[in-house]
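Student: Can you read through this structure? Questions will come right after.
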Amino acid sequence: MVRTAPPFWDRVERGDGCWEWTAARDRHDAGVVWWDGKTRRAAAVAFLLTHGRWAERRITLSCGNPACCRPEHLIEATAQPAAVDPTAVSVPAERRPSPPKPRRGYGVGSMREVRPGVWELRAPTGPQTPFRSKPREVSRTVRGTRAEAQADLVALRAQARSGGPLRVGATLNDLFDAYLAWCAVAGRGPSPRSVAKSYEPKIRLHLRPHLGRHRLTALADGRAINELYQAMLGPDWAGRPITPTMIFEVHRILSAVLRWAVEHDWIAANDDPRRNIATPHP
């Protein structure tokens, strides 16, 4: 069982395979860390935190990845020369010397799971310049699965490049709130009478309960919206049958909200769900 040591393990990106060291590395791409007054290999410190002792012999990485710190991949060699530092890490012969790690290009961004279901996303807002070796970055913390976090990272990169408002992780409920607040200002959107009598009730009764918690990035394929329209044709929708004309009205309102979202940078044009929605004709 791995002992907790937040300053160390927070710099390890845990996954299904290798646990990559995300901080400093040496010329062989092995992780290095300042520990107990000395620069040591990250794999050796991982061995210490796992077993409660320094390795007496050289550590071999069964995966061949010099940046790996996963305890299951750390193997203590059966023999070693006496003069070798036990905190050093050896790499299988076929993998040494390791090729230099390619430099991450501008615009890639990064994501890491800070705790289960919570992800820290980073994306650069501009390229490197002769006066700045590292591009400026924006960061956001989102909740969800790895796939949802990856979709949010794509949205964060696109919005960071365009300089638009950063609303990564926003749900359809967030969008409804913003749209209705925008309509409340005189001269914007539909008339206050239309909002009160048509928009707000249909959003509250038919859209919020079934789509409100969906992330905007998860609606791009239109599947959840098409499934909603099919479900509305059932006999017991909202406690009473609903006519095709009413479904079309709900679709018209949702389309207006999505169009506003694209115009105000809540949704990228390429992710507009309207392209994939089957219009429910009355």
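To be explicit about the labels: the chains of the structure tokens are called A, B, and onward in the order shown, and within each one the residues are counted from 1, while ligands get numbers from 1 in the order they are shown.
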So that I can see what lies close to Leu216 (chain A), please list as a list of chain:residue names the residues with an atom at most 9 Å from it, counting only C-alpha atoms and leaving out residues fewer than 6 positions away in the same chain.
Tutor: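 So the residues in contact are A:Val168, A:Gly169, A:Ala170, A:Thr171, A:Leu172, A:Leu175, A:Trp266, A:Ile267, A:Asp271, A:Pro273.
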Student: Write the residues of the preceding selection, restricted to N, CA and C atoms, as a PDB file, in the first residue's frame.
Tutor:
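Final output, result-v2.pdb:
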```pdb
ATOM      1  N   VAL A 168     -15.440  26.685 -19.408  1.00  0.00           N
ATOM      2  CA  VAL A 168     -15.197  25.253 -19.471  1.00  0.00           C
ATOM      3  C   VAL A 168     -15.914  24.557 -18.325  1.00  0.00           C
ATOM      4  N   GLY A 169     -16.553  23.412 -18.630  1.00  0.00           N
ATOM      5  CA  GLY A 169     -17.290  22.669 -17.630  1.00  0.00           C
ATOM      6  C   GLY A 169     -18.716  23.146 -17.444  1.00  0.00           C
ATOM      7  N   ALA A 170     -19.150  24.149 -18.224  1.00  0.00           N
ATOM      8  CA  ALA A 170     -20.507  24.683 -18.074  1.00  0.00           C
ATOM      9  C   ALA A 170     -21.533  23.645 -18.501  1.00  0.00           C
ATOM     10  N   THR A 171     -22.665  23.644 -17.827  1.00  0.00           N
ATOM     11  CA  THR A 171     -23.766  22.744 -18.150  1.00  0.00           C
ATOM     12  C   THR A 171     -24.858  23.518 -18.890  1.00  0.00           C
ATOM     13  N   LEU A 172     -25.838  22.774 -19.385  1.00  0.00           N
ATOM     14  CA  LEU A 172     -26.950  23.423 -20.072  1.00  0.00           C
ATOM     15  C   LEU A 172     -27.761  24.272 -19.097  1.00  0.00           C
ATOM     16  N   LEU A 175     -26.183  27.564 -19.030  1.00  0.00           N
ATOM     17  CA  LEU A 175     -26.513  28.307 -20.243  1.00  0.00           C
ATOM     18  C   LEU A 175     -27.926  28.874 -20.166  1.00  0.00           C
ATOM     19  N   TRP A 266     -20.228  30.545 -25.852  1.00  0.00           N
ATOM     20  CA  TRP A 266     -20.431  29.460 -24.910  1.00  0.00           C
ATOM     21  C   TRP A 266     -20.165  28.117 -25.583  1.00  0.00           C
ATOM     22  N   ILE A 267     -20.422  28.046 -26.869  1.00  0.00           N
ATOM     23  CA  ILE A 267     -20.221  26.825 -27.646  1.00  0.00           C
ATOM     24  C   ILE A 267     -19.449  27.191 -28.906  1.00  0.00           C
ATOM     25  N   ASP A 271     -18.927  22.713 -32.561  1.00  0.00           N
ATOM     26  CA  ASP A 271     -19.589  21.852 -31.579  1.00  0.00           C
ATOM     27  C   ASP A 271     -21.068  22.188 -31.426  1.00  0.00           C
ATOM     28  N   PRO A 273     -24.698  21.743 -31.411  1.00  0.00           N
ATOM     29  CA  PRO A 273     -25.544  20.541 -31.524  1.00  0.00           C
ATOM     30  C   PRO A 273     -26.625  20.660 -32.581  1.00  0.00           C
TER      31      PRO A 273
END
```
Student: Can you pull out the residues contacting region 188-202 of chain A? Cut-off 8 Å, using only C-alpha atoms, and skip same-chain residues under 5 positions away; I want them as a list of chain:residue names.
Tutor: A:Leu180, A:Trp182, A:Cys183, A:Leu207, A:Val250, A:Ile253
Student: So how far away is CA of Ala30 (chain A) from CA of Leu74 (chain A), in Å?
Tutor: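 Between CA of Leu74 (chain A) and CA of Ala30 (chain A) the gap is 13.1 Å.
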Student: Need to verify the contact set: Val114 (chain A), 9 Å, only C-alpha atoms, exclusion of same-chain residues closer than 4 positions in sequence. Can you return it as a list in words?
Tutor: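 Here the qualifying residues turn out to be Asp10, Glu13, Val118, Trp119 and Glu120 of chain A.
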Student: Limited to C-alpha atoms, could you put the picked residues into a file as a short mmCIF file (atom, residue, chain, number, x, y, z; two decimals), in the first residue's frame?
Tutor:
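The result, written out as part_37.cif:
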```cif
data_model
loop_
_atom_site.label_atom_id
_atom_site.label_comp_id
_atom_site.auth_asym_id
_atom_site.auth_seq_id
_atom_site.Cartn_x
_atom_site.Cartn_y
_atom_site.Cartn_z
CA ASP A 10 0.94 15.18 -6.41
CA GLU A 13 0.22 11.46 -13.01
CA VAL A 118 -11.46 16.26 -10.10
CA TRP A 119 -9.19 17.44 -12.94
CA GLU A 120 -6.89 20.43 -13.34
#
```
Student: Between CA of Gly109 (chain A) and CA of Cys68 (chain A), measure the distance and give it in Å to one decimal.
Tutor: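 Interatomic distance, CA of Gly109 (chain A) to CA of Cys68 (chain A): 20.8 Å.
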Student: Between A:Thr217, A:Thr39, A:Gln150, A:Thr245, single out the one closest to Leu233 (chain A), counting only C-alpha atoms.
Tutor: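 That would be A:Thr245, the residue with the smallest distance to Leu233 (chain A).
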Student: By how many Å are CA of Thr243 (chain A) and CA of Gly212 (chain A) apart?
Tutor: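 Atom-to-atom, CA of Thr243 (chain A) to CA of Gly212 (chain A), that is 22.2 Å.
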Student: Quick one: residues within 10 Å of Ile277 (chain A), only C-alpha atoms counted, chain neighbours fewer than 5 positions away excluded, as a list in words?
Tutor: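 Near neighbours after the sequence-gap exclusion: Ala220, Asp221, Gly222, Arg223, Ala224, Ile225, Asn226, Glu227, Tyr229, His251, Ser255 and Asp272 of chain A.
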Student: What would the file look like if the residues just selected were written as an mmCIF file, in the first residue's frame with N, CA and C atoms?
Tutor:
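Listed below is the output, result-v5.cif:
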```cif
data_model
loop_
_atom_site.group_PDB
_atom_site.id
_atom_site.type_symbol
_atom_site.label_atom_id
_atom_site.label_comp_id
_atom_site.auth_asym_id
_atom_site.auth_seq_id
_atom_site.Cartn_x
_atom_site.Cartn_y
_atom_site.Cartn_z
ATOM 1 N N ALA A 220 -22.667 17.920 -28.276
ATOM 2 C CA ALA A 220 -22.307 18.258 -29.657
ATOM 3 C C ALA A 220 -22.867 17.266 -30.666
ATOM 4 N N ASP A 221 -22.926 15.966 -30.304
ATOM 5 C CA ASP A 221 -23.407 14.978 -31.276
ATOM 6 C C ASP A 221 -24.924 14.966 -31.414
ATOM 7 N N GLY A 222 -25.639 15.720 -30.570
ATOM 8 C CA GLY A 222 -27.085 15.830 -30.672
ATOM 9 C C GLY A 222 -27.863 14.623 -30.196
ATOM 10 N N ARG A 223 -27.169 13.559 -29.772
ATOM 11 C CA ARG A 223 -27.864 12.319 -29.416
ATOM 12 C C ARG A 223 -28.802 12.513 -28.225
ATOM 13 N N ALA A 224 -28.322 13.180 -27.166
ATOM 14 C CA ALA A 224 -29.157 13.355 -25.973
ATOM 15 C C ALA A 224 -30.412 14.158 -26.291
ATOM 16 N N ILE A 225 -30.296 15.149 -27.184
ATOM 17 C CA ILE A 225 -31.448 15.978 -27.532
ATOM 18 C C ILE A 225 -32.434 15.180 -28.391
ATOM 19 N N ASN A 226 -31.931 14.414 -29.346
ATOM 20 C CA ASN A 226 -32.819 13.591 -30.173
ATOM 21 C C ASN A 226 -33.554 12.550 -29.328
ATOM 22 N N GLU A 227 -32.840 11.976 -28.340
ATOM 23 C CA GLU A 227 -33.493 11.005 -27.457
ATOM 24 C C GLU A 227 -34.582 11.680 -26.620
ATOM 25 N N TYR A 229 -36.475 14.249 -27.574
ATOM 26 C CA TYR A 229 -37.638 14.456 -28.435
ATOM 27 C C TYR A 229 -38.417 13.153 -28.622
ATOM 28 N N HIS A 251 -38.394 22.572 -29.210
ATOM 29 C CA HIS A 251 -37.228 22.580 -30.104
ATOM 30 C C HIS A 251 -36.888 24.000 -30.553
ATOM 31 N N SER A 255 -33.332 25.725 -29.759
ATOM 32 C CA SER A 255 -32.514 26.203 -30.871
ATOM 33 C C SER A 255 -32.125 27.657 -30.686
ATOM 34 N N ASP A 272 -21.631 22.943 -32.355
ATOM 35 C CA ASP A 272 -23.033 23.344 -32.265
ATOM 36 C C ASP A 272 -23.927 22.121 -32.436
#
```
Student: Do you know which residues are at most 10 Å from Gly17 (chain A) counting only C-alpha atoms, after dropping those on the same chain fewer than 4 positions away, and could you put them as a list in words?
Tutor: Cys63, Cys68, Arg70 and His73 of chain A
Student: Please produce an output containing N, CA and C atoms for each residue in the selection, written as a compact mmCIF listing (two decimals), in the first residue's frame.
Tutor:
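The resulting file, part04.txt, is shown below:
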```txt
# COMPACT_ATOMS: atom_id res chain seq x y z
N CYS A 63 8.65 -1.70 -16.80
CA CYS A 63 7.97 -1.16 -17.97
C CYS A 63 8.94 -0.52 -18.96
N CYS A 68 8.67 6.51 -14.99
CA CYS A 68 7.59 5.84 -14.27
C CYS A 68 7.91 5.77 -12.78
N ARG A 70 5.35 4.07 -10.76
CA ARG A 70 4.33 3.15 -10.25
C ARG A 70 4.99 2.05 -9.42
N HIS A 73 5.86 -1.34 -10.84
CA HIS A 73 6.87 -1.39 -11.91
C HIS A 73 8.30 -1.28 -11.38
```
Student: Fewer than 5 positions away in the same chain doesn't count, so skip those; otherwise give me all residues within 7 Å of Ala67 (chain A), counting only C-alpha atoms, as a list in words.
Tutor: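 The residues satisfying every condition are Glu20, Trp21, Asp29, Ala30 and Gly31 of chain A.
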